[in-house]
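Below is final-v5.txt, which holds compact mmCIF, C-alpha atoms.
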# COMPACT_ATOMS: atom_id res chain seq x y z
CA MET A 1 4.75 7.86 13.77
CA ASN A 2 1.40 8.85 12.27
CA ASP A 3 -1.46 9.54 14.67
CA THR A 4 -4.21 7.22 13.49
CA LYS A 5 -6.90 9.48 14.99
CA ASN A 6 -5.87 12.36 12.71
CA ASN A 7 -4.90 10.20 9.78
CA PRO A 8 -7.23 10.51 6.75
CA ALA A 9 -7.36 6.74 6.25
CA GLY A 10 -7.76 5.94 9.94
CA TYR A 11 -4.58 3.88 10.16
CA SER A 12 -0.83 4.47 10.16
CA ILE A 13 1.37 3.13 7.35
CA GLU A 14 4.45 3.70 9.51
CA GLU A 15 2.97 1.71 12.40
CA GLY A 16 1.93 -1.04 10.01
CA ASN A 17 5.44 -1.23 8.55
CA ALA A 18 6.92 -1.35 12.05
CA ALA A 19 4.57 -4.16 13.10
CA SER A 20 5.40 -6.10 9.93
CA ARG A 21 9.13 -5.75 10.55
CA ASN A 22 8.68 -6.93 14.13
CA ALA A 23 6.58 -9.93 13.04
CA TYR A 24 9.18 -10.84 10.42
CA ASN A 25 11.97 -10.56 12.98
CA TRP A 26 10.17 -13.16 15.11
CA SER A 27 9.71 -15.31 12.02
CA LYS A 28 13.40 -15.16 11.14
CA LYS A 29 14.24 -16.66 14.52
CA THR A 30 12.62 -19.87 13.22
CA PHE A 31 14.74 -20.08 10.06
CA VAL A 32 17.32 -22.13 11.97
CA ASN A 33 14.76 -24.94 12.19
CA ARG A 34 15.25 -25.68 8.48
CA LYS A 35 18.91 -24.67 8.07
CA GLY A 36 20.59 -27.16 5.74
CA LYS A 37 17.29 -29.04 5.32
CA PRO A 38 14.52 -29.04 2.69
CA GLY A 39 12.50 -25.86 3.08
CA GLU A 40 15.43 -23.68 4.15
CA PRO A 41 14.42 -20.00 3.86
CA ALA A 42 16.61 -17.39 2.18
CA GLN A 43 18.44 -15.00 4.50
CA ASP A 44 18.90 -12.07 2.09
CA LEU A 45 15.41 -11.01 0.96
CA ASP A 46 14.43 -8.88 3.96
CA GLY A 47 11.92 -6.21 2.99
CA GLY A 48 11.07 -7.89 -0.30
CA PHE A 49 7.65 -8.78 -1.66
CA SER A 50 8.04 -12.54 -1.11
CA ASN A 51 10.58 -14.96 0.31
CA GLU A 52 12.53 -17.92 -0.98
CA ILE A 53 12.53 -21.49 0.28
CA ARG A 54 14.98 -24.08 -1.02
CA PHE A 55 14.48 -27.76 -1.72
CA GLY A 56 17.87 -28.96 -2.86
CA ALA A 57 18.58 -27.22 -6.14
CA GLU A 58 14.95 -26.11 -6.47
CA ARG A 59 14.31 -22.53 -5.36
CA LEU A 60 10.70 -21.68 -4.64
CA GLY A 61 9.03 -18.42 -3.67
CA ILE A 62 6.20 -18.04 -1.17
CA SER A 63 3.81 -15.14 -0.62
CA SER A 64 0.68 -14.62 1.50
CA ASP A 65 -1.89 -11.83 1.28
CA GLY A 66 -5.58 -10.99 1.30
CA ILE A 67 -7.87 -8.51 -0.41
CA GLY A 68 -8.75 -6.36 2.58
CA THR A 69 -11.81 -4.16 2.80
CA LYS A 70 -12.49 -4.25 -0.95
CA ILE A 71 -14.68 -7.17 0.09
CA GLU A 72 -17.21 -4.70 1.49
CA VAL A 73 -17.70 -3.21 -1.98
CA ALA A 74 -18.56 -6.67 -3.32
CA GLU A 75 -20.95 -7.20 -0.41
CA ARG A 76 -22.69 -3.90 -1.16
CA LEU A 77 -23.10 -4.70 -4.86
CA ASN A 78 -23.85 -8.41 -4.31
CA LYS A 79 -21.23 -9.16 -6.98
CA TYR A 80 -18.40 -11.51 -6.11
CA ASP A 81 -17.05 -12.93 -9.37
CA THR A 82 -14.17 -10.47 -9.83
CA LEU A 83 -12.56 -10.69 -6.39
CA GLY A 84 -10.52 -13.71 -7.48
CA TYR A 85 -8.44 -11.44 -9.71
CA ASP A 86 -7.62 -9.31 -6.67
CA LEU A 87 -6.69 -12.35 -4.58
CA ILE A 88 -4.33 -13.79 -7.18
CA ALA A 89 -2.84 -10.42 -8.09
CA MET A 90 -1.83 -9.73 -4.50
CA THR A 91 0.25 -12.90 -4.23
CA ALA A 92 1.20 -13.74 -7.83
CA ASP A 93 2.53 -10.25 -8.46
CA ASP A 94 4.47 -10.27 -5.18
CA LEU A 95 6.10 -13.51 -6.37
CA ILE A 96 7.03 -12.28 -9.84
CA ALA A 97 8.46 -9.11 -8.27
CA ALA A 98 11.22 -11.38 -6.92
CA GLY A 99 11.49 -13.40 -10.13
CA PHE A 100 9.36 -16.33 -9.00
CA VAL A 101 6.88 -17.54 -11.63
CA PRO A 102 3.60 -18.31 -9.77
CA THR A 103 2.52 -21.95 -9.95
CA ASN A 104 0.11 -22.84 -7.12
CA LEU A 105 -2.28 -21.17 -4.71
CA SER A 106 -4.11 -22.16 -1.55
CA ASN A 107 -6.90 -19.99 -0.15
CA ILE A 108 -8.91 -19.62 3.05
CA ILE A 109 -12.41 -18.14 3.24
CA ASP A 110 -13.56 -17.22 6.75
CA VAL A 111 -17.32 -16.53 6.81
CA ASN A 112 -19.92 -15.53 9.38
CA HIS A 113 -22.36 -18.05 7.89
CA LEU A 114 -22.15 -19.99 4.65
CA ASP A 115 -23.92 -18.95 1.45
CA TYR A 116 -23.33 -21.49 -1.31
CA ASP A 117 -24.11 -19.11 -4.20
CA VAL A 118 -21.74 -16.40 -2.92
CA VAL A 119 -18.90 -18.90 -2.56
CA ASP A 120 -19.69 -20.25 -6.02
CA GLN A 121 -19.32 -16.76 -7.51
CA MET A 122 -16.07 -16.21 -5.63
CA MET A 123 -14.55 -19.48 -6.76
CA ARG A 124 -15.71 -19.04 -10.35
CA GLY A 125 -13.84 -15.74 -10.43
CA LEU A 126 -10.80 -17.30 -8.78
CA HIS A 127 -10.88 -20.02 -11.44
CA ASP A 128 -10.91 -17.41 -14.22
CA ALA A 129 -8.06 -15.43 -12.63
CA ALA A 130 -6.02 -18.59 -12.11
CA ASN A 131 -6.40 -19.43 -15.78
CA PHE A 132 -5.22 -15.93 -16.69
CA ALA A 133 -2.15 -16.28 -14.47
CA GLN A 134 -1.57 -19.98 -15.32
CA VAL A 135 -1.80 -20.91 -11.64
CA ALA A 136 -3.29 -24.11 -10.18
CA ILE A 137 -5.52 -23.79 -7.11
CA THR A 138 -4.31 -26.75 -5.06
CA GLY A 139 -5.70 -26.16 -1.59
CA GLY A 140 -8.20 -24.25 0.50
CA GLU A 141 -10.61 -24.13 3.40
CA ILE A 142 -13.94 -22.56 4.28
CA ALA A 143 -14.48 -21.83 7.97
CA GLU A 144 -17.74 -20.63 9.55
CA LEU A 145 -16.85 -18.31 12.43
CA GLY A 146 -20.17 -16.70 13.31
CA ASN A 147 -19.96 -13.23 14.82
CA ARG A 148 -16.15 -13.30 14.71
CA ILE A 149 -16.56 -12.18 11.07
CA GLY A 150 -18.32 -8.89 10.28
CA GLY A 151 -18.94 -6.65 7.28
CA TRP A 152 -21.69 -4.75 5.53
CA PRO A 153 -24.96 -5.59 7.37
CA GLY A 154 -26.98 -6.04 4.17
CA ALA A 155 -24.74 -8.71 2.69
CA LYS A 156 -25.80 -12.30 2.09
CA MET A 157 -22.51 -13.40 3.64
CA ASN A 158 -19.71 -11.54 5.41
CA PHE A 159 -16.23 -12.96 4.87
CA ASN A 160 -12.50 -12.50 4.74
CA TRP A 161 -10.44 -14.05 1.93
CA CYS A 162 -6.69 -14.71 2.04
CA SER A 163 -4.29 -16.88 0.10
CA THR A 164 -0.77 -18.22 -0.03
CA ALA A 165 0.92 -18.75 -3.39
CA ILE A 166 4.16 -20.41 -4.35
CA GLY A 167 6.25 -20.09 -7.46
CA VAL A 168 9.51 -21.31 -8.97
CA LEU A 169 12.51 -19.07 -9.64
CA HIS A 170 12.67 -18.30 -13.33
CA PRO A 171 15.39 -20.44 -14.95
CA SER A 172 17.13 -17.36 -16.38
CA LEU A 173 17.86 -16.06 -12.88
CA ALA A 174 20.75 -17.16 -10.69
CA GLN A 175 19.15 -15.48 -7.68
CA PRO A 176 15.85 -13.75 -6.87
CA LEU A 177 15.35 -10.15 -7.96
CA SER A 178 15.94 -7.87 -5.01
CA GLY A 179 17.31 -4.62 -6.40
CA LYS A 180 20.87 -5.24 -5.20
CA THR A 181 22.23 -5.37 -8.78
CA ALA A 182 20.60 -2.05 -9.75
CA GLN A 183 22.79 0.94 -10.52
CA ALA A 184 22.38 4.68 -10.86
CA GLY A 185 21.31 5.46 -14.41
CA HIS A 186 19.19 2.35 -14.79
CA VAL A 187 15.77 3.02 -16.27
CA VAL A 188 12.43 2.55 -14.51
CA VAL A 189 9.49 1.18 -16.55
CA ALA A 190 5.94 1.59 -15.25
CA LEU A 191 2.94 -0.68 -15.78
CA ARG A 192 -0.44 1.00 -15.70
CA SER A 193 -3.08 -0.06 -13.19
CA PRO A 194 -6.71 0.34 -14.37
CA SER A 195 -8.08 0.05 -10.83
CA PHE A 196 -7.40 0.65 -7.14
CA ARG A 197 -6.33 -3.03 -6.95
CA SER A 198 -6.87 -4.16 -3.33
CA ASN A 199 -5.30 -1.27 -1.49
CA GLY A 200 -6.34 2.09 -0.10
CA TYR A 201 -9.97 1.17 0.41
CA SER A 202 -10.18 2.45 3.97
CA LEU A 203 -9.47 6.00 2.78
CA ALA A 204 -11.70 5.63 -0.29
CA ARG A 205 -14.66 4.23 1.65
CA LYS A 206 -14.26 6.83 4.39
CA THR A 207 -14.34 9.59 1.77
CA LEU A 208 -17.35 8.19 -0.08
CA GLN A 209 -19.24 7.67 3.18
CA LYS A 210 -18.61 11.29 4.16
CA VAL A 211 -19.74 12.69 0.81
CA PHE A 212 -22.62 10.37 -0.13
CA GLY A 213 -23.73 8.74 3.12
CA ASP A 214 -24.41 5.12 4.01
CA ASN A 215 -25.44 4.05 0.52
CA TRP A 216 -22.45 5.58 -1.24
CA HIS A 217 -22.14 2.53 -3.49
CA ASP A 218 -25.37 3.54 -5.27
CA ALA A 219 -24.25 7.14 -5.90
CA PRO A 220 -23.86 7.91 -9.64
CA TYR A 221 -20.22 7.86 -10.68
CA ASP A 222 -19.02 11.17 -12.13
CA GLY A 223 -15.33 10.76 -12.94
CA THR A 224 -13.98 11.99 -16.27
CA ASP A 225 -14.39 8.43 -17.58
CA ASP A 226 -18.12 8.77 -16.86
CA GLY A 227 -20.05 6.03 -18.66
CA LEU A 228 -17.51 3.34 -17.84
CA TYR A 229 -19.09 2.75 -14.41
CA PRO A 230 -22.74 3.39 -13.50
CA THR A 231 -22.09 3.92 -9.78
CA TRP A 232 -19.27 4.60 -7.36
CA GLY A 233 -19.63 1.03 -6.18
CA ASP A 234 -18.93 -0.24 -9.71
CA ALA A 235 -15.88 2.02 -10.00
CA MET A 236 -14.47 0.77 -6.70
CA LEU A 237 -15.04 -2.90 -7.52
CA ALA A 238 -13.00 -2.81 -10.76
CA PRO A 239 -10.72 -5.87 -10.51
CA SER A 240 -6.95 -5.94 -10.21
CA LEU A 241 -4.90 -6.54 -13.33
CA ILE A 242 -2.48 -9.46 -12.85
CA TYR A 243 1.01 -8.59 -14.11
CA SER A 244 2.89 -11.85 -13.48
CA SER A 245 2.53 -13.30 -16.97
CA GLY A 246 3.83 -10.13 -18.62
CA VAL A 247 6.88 -9.96 -16.37
CA ALA A 248 7.53 -13.68 -16.86
CA ALA A 249 7.51 -13.06 -20.63
CA LEU A 250 10.28 -10.49 -20.13
CA LEU A 251 12.39 -13.08 -18.35
CA ASP A 252 11.54 -15.68 -21.02
CA ALA A 253 12.94 -13.24 -23.62
CA GLY A 254 16.15 -12.79 -21.64
CA LEU A 255 15.57 -9.10 -21.02
CA PRO A 256 17.49 -7.79 -17.98
CA LEU A 257 15.60 -6.89 -14.81
CA HIS A 258 17.37 -5.63 -11.69
CA GLY A 259 14.37 -5.02 -9.44
CA VAL A 260 10.58 -5.05 -9.52
CA ALA A 261 8.20 -3.25 -7.16
CA HIS A 262 4.55 -4.22 -6.82
CA ILE A 263 2.67 -1.01 -5.98
CA THR A 264 0.26 -1.96 -3.21
CA GLY A 265 -0.42 -0.48 0.24
CA GLY A 266 1.93 2.44 0.84
CA GLY A 267 1.75 3.80 -2.68
CA VAL A 268 4.45 4.34 -5.28
CA ALA A 269 7.36 5.63 -3.19
CA ASP A 270 7.02 3.35 -0.16
CA ASN A 271 6.91 0.22 -2.31
CA PHE A 272 9.62 1.28 -4.75
CA GLN A 273 12.01 2.04 -1.90
CA ARG A 274 11.88 -1.66 -1.03
CA VAL A 275 14.01 -2.44 -4.10
CA LEU A 276 16.31 0.58 -3.86
CA LYS A 277 19.44 -0.89 -2.29
CA ASN A 278 22.95 0.50 -1.78
CA GLY A 279 21.78 4.05 -1.10
CA LEU A 280 20.16 4.49 -4.52
CA GLY A 281 17.20 6.75 -5.16
CA ALA A 282 14.94 7.52 -8.09
CA VAL A 283 13.34 10.32 -10.04
CA LEU A 284 9.99 9.28 -11.52
CA ASP A 285 8.82 12.03 -13.87
CA ASN A 286 6.65 10.09 -16.33
CA LEU A 287 4.28 7.97 -14.27
CA PHE A 288 0.84 7.13 -15.56
CA GLU A 289 -1.85 9.68 -14.84
CA PRO A 290 -3.92 9.05 -11.72
CA LEU A 291 -7.15 7.17 -12.44
CA PRO A 292 -10.17 9.46 -12.93
CA ALA A 293 -11.84 7.88 -9.87
CA MET A 294 -8.82 8.77 -7.77
CA GLN A 295 -8.72 12.32 -9.10
CA ARG A 296 -12.43 12.73 -8.39
CA LEU A 297 -12.06 11.38 -4.84
CA CYS A 298 -9.30 13.92 -4.22
CA GLU A 299 -11.63 16.69 -5.40
CA ILE A 300 -14.76 15.73 -3.48
CA GLY A 301 -12.87 14.60 -0.37
CA ASP A 302 -10.33 17.45 -0.27
CA ILE A 303 -7.49 14.90 -0.31
CA SER A 304 -4.01 16.25 -0.97
CA ALA A 305 -1.72 14.79 -3.62
CA GLU A 306 0.74 13.81 -0.86
CA THR A 307 -1.96 11.75 0.86
CA ALA A 308 -3.30 10.21 -2.35
CA TYR A 309 0.14 9.07 -3.53
CA LEU A 310 0.78 7.61 -0.07
CA TYR A 311 -2.33 5.39 0.03
CA TRP A 312 -3.22 4.72 -3.63
CA ASN A 313 -1.29 3.46 -6.65
CA MET A 314 -2.49 6.54 -8.59
CA GLY A 315 -2.59 4.61 -11.87
CA THR A 316 0.76 2.78 -11.65
CA GLY A 317 0.63 -0.86 -10.52
CA MET A 318 4.21 -2.03 -10.97
CA LEU A 319 7.69 -0.53 -11.48
CA LEU A 320 10.54 -2.44 -13.14
CA VAL A 321 14.24 -1.55 -13.16
CA THR A 322 16.12 -2.36 -16.37
CA GLU A 323 19.14 -1.17 -18.30
CA GLU A 324 18.89 1.87 -20.54
CA ALA A 325 19.78 -0.13 -23.64
CA SER A 326 16.94 -2.58 -22.93
CA ALA A 327 14.21 -0.14 -21.87
CA ALA A 328 12.54 0.10 -25.29
CA ALA A 329 12.48 -3.69 -25.67
CA VAL A 330 11.02 -4.11 -22.17
CA VAL A 331 8.23 -1.65 -22.95
CA ALA A 332 7.55 -3.30 -26.30
CA SER A 333 7.38 -6.78 -24.77
CA LEU A 334 4.95 -5.66 -22.06
CA GLN A 335 2.76 -3.94 -24.64
CA ALA A 336 2.81 -7.09 -26.78
CA SER A 337 1.55 -8.98 -23.70
CA GLY A 338 -1.41 -6.60 -23.52
CA TYR A 339 -0.23 -4.17 -20.83
CA ASP A 340 0.12 -0.40 -20.89
CA ALA A 341 3.80 0.30 -20.21
CA GLN A 342 6.11 3.29 -20.49
CA VAL A 343 9.48 4.55 -19.30
CA ALA A 344 8.75 6.39 -16.05
CA GLY A 345 12.12 7.62 -14.80
CA HIS A 346 15.60 6.58 -13.71
CA LEU A 347 17.65 5.63 -10.69
CA THR A 348 19.95 8.13 -9.01
CA ALA A 349 23.05 7.87 -6.85
CA GLU A 350 21.29 9.98 -4.22
CA SER A 351 18.80 8.26 -1.93
CA GLY A 352 15.09 9.14 -1.79
CA VAL A 353 12.27 8.99 -4.31
CA THR A 354 11.08 12.07 -6.17
CA LEU A 355 7.76 11.99 -8.00
CA ARG A 356 7.16 14.71 -10.57
CA VAL A 357 3.43 14.58 -11.22
CA GLY A 358 0.68 16.91 -12.31
CA ALA A 359 0.14 18.08 -8.74
CA GLY A 360 3.81 19.08 -8.40
CA GLU A 361 6.99 17.53 -7.06
CA LEU A 362 6.62 15.07 -4.19
CA ARG A 363 9.72 13.91 -2.30
CA TYR A 364 10.04 10.86 -0.07
CA ALA A 365 13.17 10.24 2.00
Any chance you could give the structure as structure tokens?
Amino acid sequence: MNDTKNNPAGYSIEEGNAASRNAYNWSKKTFVNRKGKPGEPAQDLDGGFSNEIRFGAERLGISSDGIGTKIEVAERLNKYDTLGYDLIAMTADDLIAAGFVPTNLSNIIDVNHLDYDVVDQMMRGLHDAANFAQVAITGGEIAELGNRIGGWPGAKMNFNWCSTAIGVLHPSLAQPLSGKTAQAGHVVVALRSPSFRSNGYSLARKTLQKVFGDNWHDAPYDGTDDGLYPTWGDAMLAPSLIYSSGVAALLDAGLPLHGVAHITGGGVADNFQRVLKNGLGAVLDNLFEPLPAMQRLCEIGDISAETAYLYWNMGTGMLLVTEEASAAAVVASLQASGYDAQVAGHLTAESGVTLRVGAGELRYA
């Protein structure tokens, strides 16, 4: 298990995964409470991105998540109207990864003290993101918790923001997408991510703090896409792209999907392995290039490719498994929906994920 003291991000992915598995094991002990009743959970989606609950013939998905320490970037810039895209992306894209089309979202904002204007900005952005994803915001709460909530000292309001979303299984699917129907030789299609999304910020902030000091958010941004962002703070606040509508369009068109991985905390390999069942592996030799901000952080922070691909999405936000005969149509449909998509590799009969990237070949067992 990783030693968090010597870990570049200050936390252990392995320990986090172990804690999550343990928490879920306790949760599964409660499934019996709804067995044969409305709200019965699925028993076969362990390790997936969301879970299924059944109400008679209706099969719903449920997913909960937050936006982590990206909030501190918003606090530093006093700009809060894009965080809603991150909040919806984290849950809506976990739902569509299992074939559930997102429908509703409930959110909780825990604050140290209330600032009306900050909350107004947050909710305006959430409204815009919900419209993009065709999701209705049907519940929420704001709780003032005083010094139980911390953050950047100069902020108008410190807060944490989490949500739970539900969705309905796409009518073309007999069962949720889990990867269990995937086969060696199936093709992997990648969707490009134009931002860090809401993951890997502990490592990024730690690096920027070390290089630029306490006010790193004001440091001029100097990635190869210089001019797109005035400062490092602006580069780090770039909102998450929501993929759910594009993937739903694939299902609407009847295109075959055998597994979908949302690339969040844990990077490309750790998340893709969650849909590699039956001993399958993958070779990914045509992923999107790492974002210029990520490449620049590696340079100024002396961060290895192995570390970067472990904590960041490195420019790829979602991976989809389809059949070789359908790969071109899947890419074309995603591009027609406004996304950057390309064939990124294939599944193998041998387990493990191999990434062939500009920095070399990276292997994950």
Shortest interatomic distance to Gly279 (chain A) - which of A:Ala219, A:Val353, A:Leu114, A:Ala174, counting only C-alpha atoms: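 Of the candidates, the smallest distance to Gly279 (chain A) is held by A:Val353.
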Distance criterion (only C-alpha atoms): nearest to Met90 (chain A) out of A:Ser244, A:Ser172, A:Thr138, A:Asn112: A:Ser244
Closest atom pairs, region 205-309 of chain A residues within 7 Å of region 323-346 of chain A, all atoms listed in the file, as JSON lines:
{"residue": "A:Gly246", "atom": "CA", "partner": "A:Ser337", "partner_atom": "CA", "distance": 5.7}
{"residue": "A:Leu250", "atom": "CA", "partner": "A:Ser333", "partner_atom": "CA", "distance": 6.6}
{"residue": "A:Leu255", "atom": "CA", "partner": "A:Val330", "partner_atom": "CA", "distance": 6.9}
{"residue": "A:Pro256", "atom": "CA", "partner": "A:Glu323", "partner_atom": "CA", "distance": 6.8}
{"residue": "A:Ala282", "atom": "CA", "partner": "A:His346", "partner_atom": "CA", "distance": 5.7}
{"residue": "A:Val283", "atom": "CA", "partner": "A:Gly345", "partner_atom": "CA", "distance": 5.6}
{"residue": "A:Leu284", "atom": "CA", "partner": "A:Gly345", "partner_atom": "CA", "distance": 4.2}
{"residue": "A:Asp285", "atom": "CA", "partner": "A:Gly345", "partner_atom": "CA", "distance": 5.6}
{"residue": "A:Asn286", "atom": "CA", "partner": "A:Ala344", "partner_atom": "CA", "distance": 4.3}
{"residue": "A:Leu287", "atom": "CA", "partner": "A:Ala344", "partner_atom": "CA", "distance": 5.1}
CA of Pro290 (chain A) to CA of Ala97 (chain A), straight-line distance in Å: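 Pair CA of Ala97 (chain A) / CA of Pro290 (chain A) returns 22.2 Å.
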Using all atoms listed in the file: which of A:Phe49, A:Trp312, A:Trp26, A:Phe31 has the shortest distance to Gly61 (chain A):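 For Gly61 (chain A), the nearest of the given residues is A:Phe49.
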Among the residues A:Cys162, A:Val73, A:Ala129, A:Val168, the one that comes closest to Thr231 (chain A) [using all atoms listed in the file]: A:Val73
Shell of 9 Å around Asp115 (chain A), all atoms listed in the file, local chain residues under 5 positions omitted, as a PyMOL selection string: chain A and resi 120+156-157
Polymer residues at most 9 Å from Met294 (chain A), only C-alpha atoms, same-chain spacing of 4 or more positions, as a count of residues only: 10
Straight-line distance linking CA of Asn160 (chain A) with CA of Val118 (chain A), stated in Å to one decimal: 12.6 Å
One-decimal distance in Å that lies between CA of Leu347 (chain A) and CA of Tyr311 (chain A): 22.7 Å
Ref. answer, residues at most 7 Å from (-5.7, -23.5, -2.5) with only C-alpha atoms, as a PDB file with C-alpha atoms, in the coordinates of the input:
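Done, and the output landed in part_1.pdb:
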ATOM      1  CA  LEU A 105      -2.280 -21.170  -4.710  1.00  0.00           C
ATOM      2  CA  SER A 106      -4.110 -22.160  -1.550  1.00  0.00           C
ATOM      3  CA  ASN A 107      -6.900 -19.990  -0.150  1.00  0.00           C
ATOM      4  CA  ILE A 137      -5.520 -23.790  -7.110  1.00  0.00           C
ATOM      5  CA  THR A 138      -4.310 -26.750  -5.060  1.00  0.00           C
ATOM      6  CA  GLY A 139      -5.700 -26.160  -1.590  1.00  0.00           C
ATOM      7  CA  GLY A 140      -8.200 -24.250   0.500  1.00  0.00           C
TER       8      GLY A 140
END
Proximity to Ala238 (chain A) - best of A:Asn147, A:Ser178, A:Gln209, A:Ser193, only C-alpha atoms: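 Using only C-alpha atoms, the shortest distance to Ala238 (chain A) belongs to A:Ser193.
Each of A:Ala248, A:Ser20, A:Tyr80, A:His127 was checked against Ala98 (chain A) using all atoms listed in the file; the smallest atom-to-atom distance is that of A:Ala248.
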Shell around Lys37 (chain A) at 12 Å using only C-alpha atoms, local window under 2 positions removed, as a PyMOL selection string: chain A and resi 31-35+39-41+53-57
Emit the selected residues as a compact mmCIF listing (two decimals), in the coordinates of the input, including C-alpha atoms.
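Output saved as again.txt:
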# COMPACT_ATOMS: atom_id res chain seq x y z
CA PHE A 31 14.74 -20.08 10.06
CA VAL A 32 17.32 -22.13 11.97
CA ASN A 33 14.76 -24.94 12.19
CA ARG A 34 15.25 -25.68 8.48
CA LYS A 35 18.91 -24.67 8.07
CA GLY A 39 12.50 -25.86 3.08
CA GLU A 40 15.43 -23.68 4.15
CA PRO A 41 14.42 -20.00 3.86
CA ILE A 53 12.53 -21.49 0.28
CA ARG A 54 14.98 -24.08 -1.02
CA PHE A 55 14.48 -27.76 -1.72
CA GLY A 56 17.87 -28.96 -2.86
CA ALA A 57 18.58 -27.22 -6.14
Within 9 Å of Asp218 (chain A) using only C-alpha atoms, minus same-chain residues under 4 positions, as a list in words: Arg76, Leu77, Phe212, Pro230, Thr231, Trp232, Gly233 and Asp234 of chain A
Since the input lacks atoms, please generate N, CA, C and O atoms for region 117-131 of chain A and provide them as a PDB file, keeping the file's coordinate frame.
ATOM      1  N   ASP A 117     -24.163 -19.858  -2.945  1.00  0.00           N
ATOM      2  CA  ASP A 117     -24.110 -19.110  -4.200  1.00  0.00           C
ATOM      3  C   ASP A 117     -23.007 -18.051  -4.180  1.00  0.00           C
ATOM      4  O   ASP A 117     -22.344 -17.809  -5.199  1.00  0.00           O
ATOM      5  N   VAL A 118     -22.811 -17.396  -3.024  1.00  0.00           N
ATOM      6  CA  VAL A 118     -21.740 -16.400  -2.920  1.00  0.00           C
ATOM      7  C   VAL A 118     -20.382 -17.069  -3.104  1.00  0.00           C
ATOM      8  O   VAL A 118     -19.524 -16.596  -3.863  1.00  0.00           O
ATOM      9  N   VAL A 119     -20.173 -18.192  -2.432  1.00  0.00           N
ATOM     10  CA  VAL A 119     -18.900 -18.900  -2.560  1.00  0.00           C
ATOM     11  C   VAL A 119     -18.707 -19.394  -3.989  1.00  0.00           C
ATOM     12  O   VAL A 119     -17.591 -19.362  -4.533  1.00  0.00           O
ATOM     13  N   ASP A 120     -19.786 -19.802  -4.638  1.00  0.00           N
ATOM     14  CA  ASP A 120     -19.690 -20.250  -6.020  1.00  0.00           C
ATOM     15  C   ASP A 120     -19.218 -19.113  -6.925  1.00  0.00           C
ATOM     16  O   ASP A 120     -18.352 -19.306  -7.794  1.00  0.00           O
ATOM     17  N   GLN A 121     -19.773 -17.912  -6.734  1.00  0.00           N
ATOM     18  CA  GLN A 121     -19.320 -16.760  -7.510  1.00  0.00           C
ATOM     19  C   GLN A 121     -17.847 -16.464  -7.254  1.00  0.00           C
ATOM     20  O   GLN A 121     -17.071 -16.197  -8.183  1.00  0.00           O
ATOM     21  N   MET A 122     -17.465 -16.486  -5.981  1.00  0.00           N
ATOM     22  CA  MET A 122     -16.070 -16.210  -5.630  1.00  0.00           C
ATOM     23  C   MET A 122     -15.125 -17.188  -6.304  1.00  0.00           C
ATOM     24  O   MET A 122     -14.109 -16.793  -6.908  1.00  0.00           O
ATOM     25  N   MET A 123     -15.447 -18.466  -6.226  1.00  0.00           N
ATOM     26  CA  MET A 123     -14.550 -19.480  -6.760  1.00  0.00           C
ATOM     27  C   MET A 123     -14.556 -19.503  -8.289  1.00  0.00           C
ATOM     28  O   MET A 123     -13.541 -19.825  -8.914  1.00  0.00           O
ATOM     29  N   ARG A 124     -15.696 -19.149  -8.891  1.00  0.00           N
ATOM     30  CA  ARG A 124     -15.710 -19.040 -10.350  1.00  0.00           C
ATOM     31  C   ARG A 124     -14.762 -17.940 -10.808  1.00  0.00           C
ATOM     32  O   ARG A 124     -14.010 -18.106 -11.788  1.00  0.00           O
ATOM     33  N   GLY A 125     -14.765 -16.817 -10.098  1.00  0.00           N
ATOM     34  CA  GLY A 125     -13.840 -15.740 -10.430  1.00  0.00           C
ATOM     35  C   GLY A 125     -12.391 -16.122 -10.164  1.00  0.00           C
ATOM     36  O   GLY A 125     -11.490 -15.766 -10.936  1.00  0.00           O
ATOM     37  N   LEU A 126     -12.156 -16.871  -9.079  1.00  0.00           N
ATOM     38  CA  LEU A 126     -10.800 -17.300  -8.780  1.00  0.00           C
ATOM     39  C   LEU A 126     -10.305 -18.262  -9.873  1.00  0.00           C
ATOM     40  O   LEU A 126      -9.136 -18.207 -10.277  1.00  0.00           O
ATOM     41  N   HIS A 127     -11.200 -19.107 -10.339  1.00  0.00           N
ATOM     42  CA  HIS A 127     -10.880 -20.020 -11.440  1.00  0.00           C
ATOM     43  C   HIS A 127     -10.463 -19.237 -12.689  1.00  0.00           C
ATOM     44  O   HIS A 127      -9.454 -19.537 -13.338  1.00  0.00           O
ATOM     45  N   ASP A 128     -11.218 -18.200 -13.022  1.00  0.00           N
ATOM     46  CA  ASP A 128     -10.910 -17.410 -14.220  1.00  0.00           C
ATOM     47  C   ASP A 128      -9.563 -16.689 -14.059  1.00  0.00           C
ATOM     48  O   ASP A 128      -8.760 -16.632 -15.001  1.00  0.00           O
ATOM     49  N   ALA A 129      -9.320 -16.134 -12.876  1.00  0.00           N
ATOM     50  CA  ALA A 129      -8.060 -15.430 -12.630  1.00  0.00           C
ATOM     51  C   ALA A 129      -6.883 -16.393 -12.647  1.00  0.00           C
ATOM     52  O   ALA A 129      -5.804 -16.061 -13.154  1.00  0.00           O
ATOM     53  N   ALA A 130      -7.079 -17.596 -12.104  1.00  0.00           N
ATOM     54  CA  ALA A 130      -6.020 -18.590 -12.110  1.00  0.00           C
ATOM     55  C   ALA A 130      -5.661 -19.001 -13.533  1.00  0.00           C
ATOM     56  O   ALA A 130      -4.481 -19.205 -13.865  1.00  0.00           O
ATOM     57  N   ASN A 131      -6.670 -19.117 -14.386  1.00  0.00           N
ATOM     58  CA  ASN A 131      -6.400 -19.430 -15.780  1.00  0.00           C
ATOM     59  C   ASN A 131      -5.616 -18.315 -16.457  1.00  0.00           C
ATOM     60  O   ASN A 131      -4.709 -18.562 -17.260  1.00  0.00           O
TER      61      ASN A 131
END
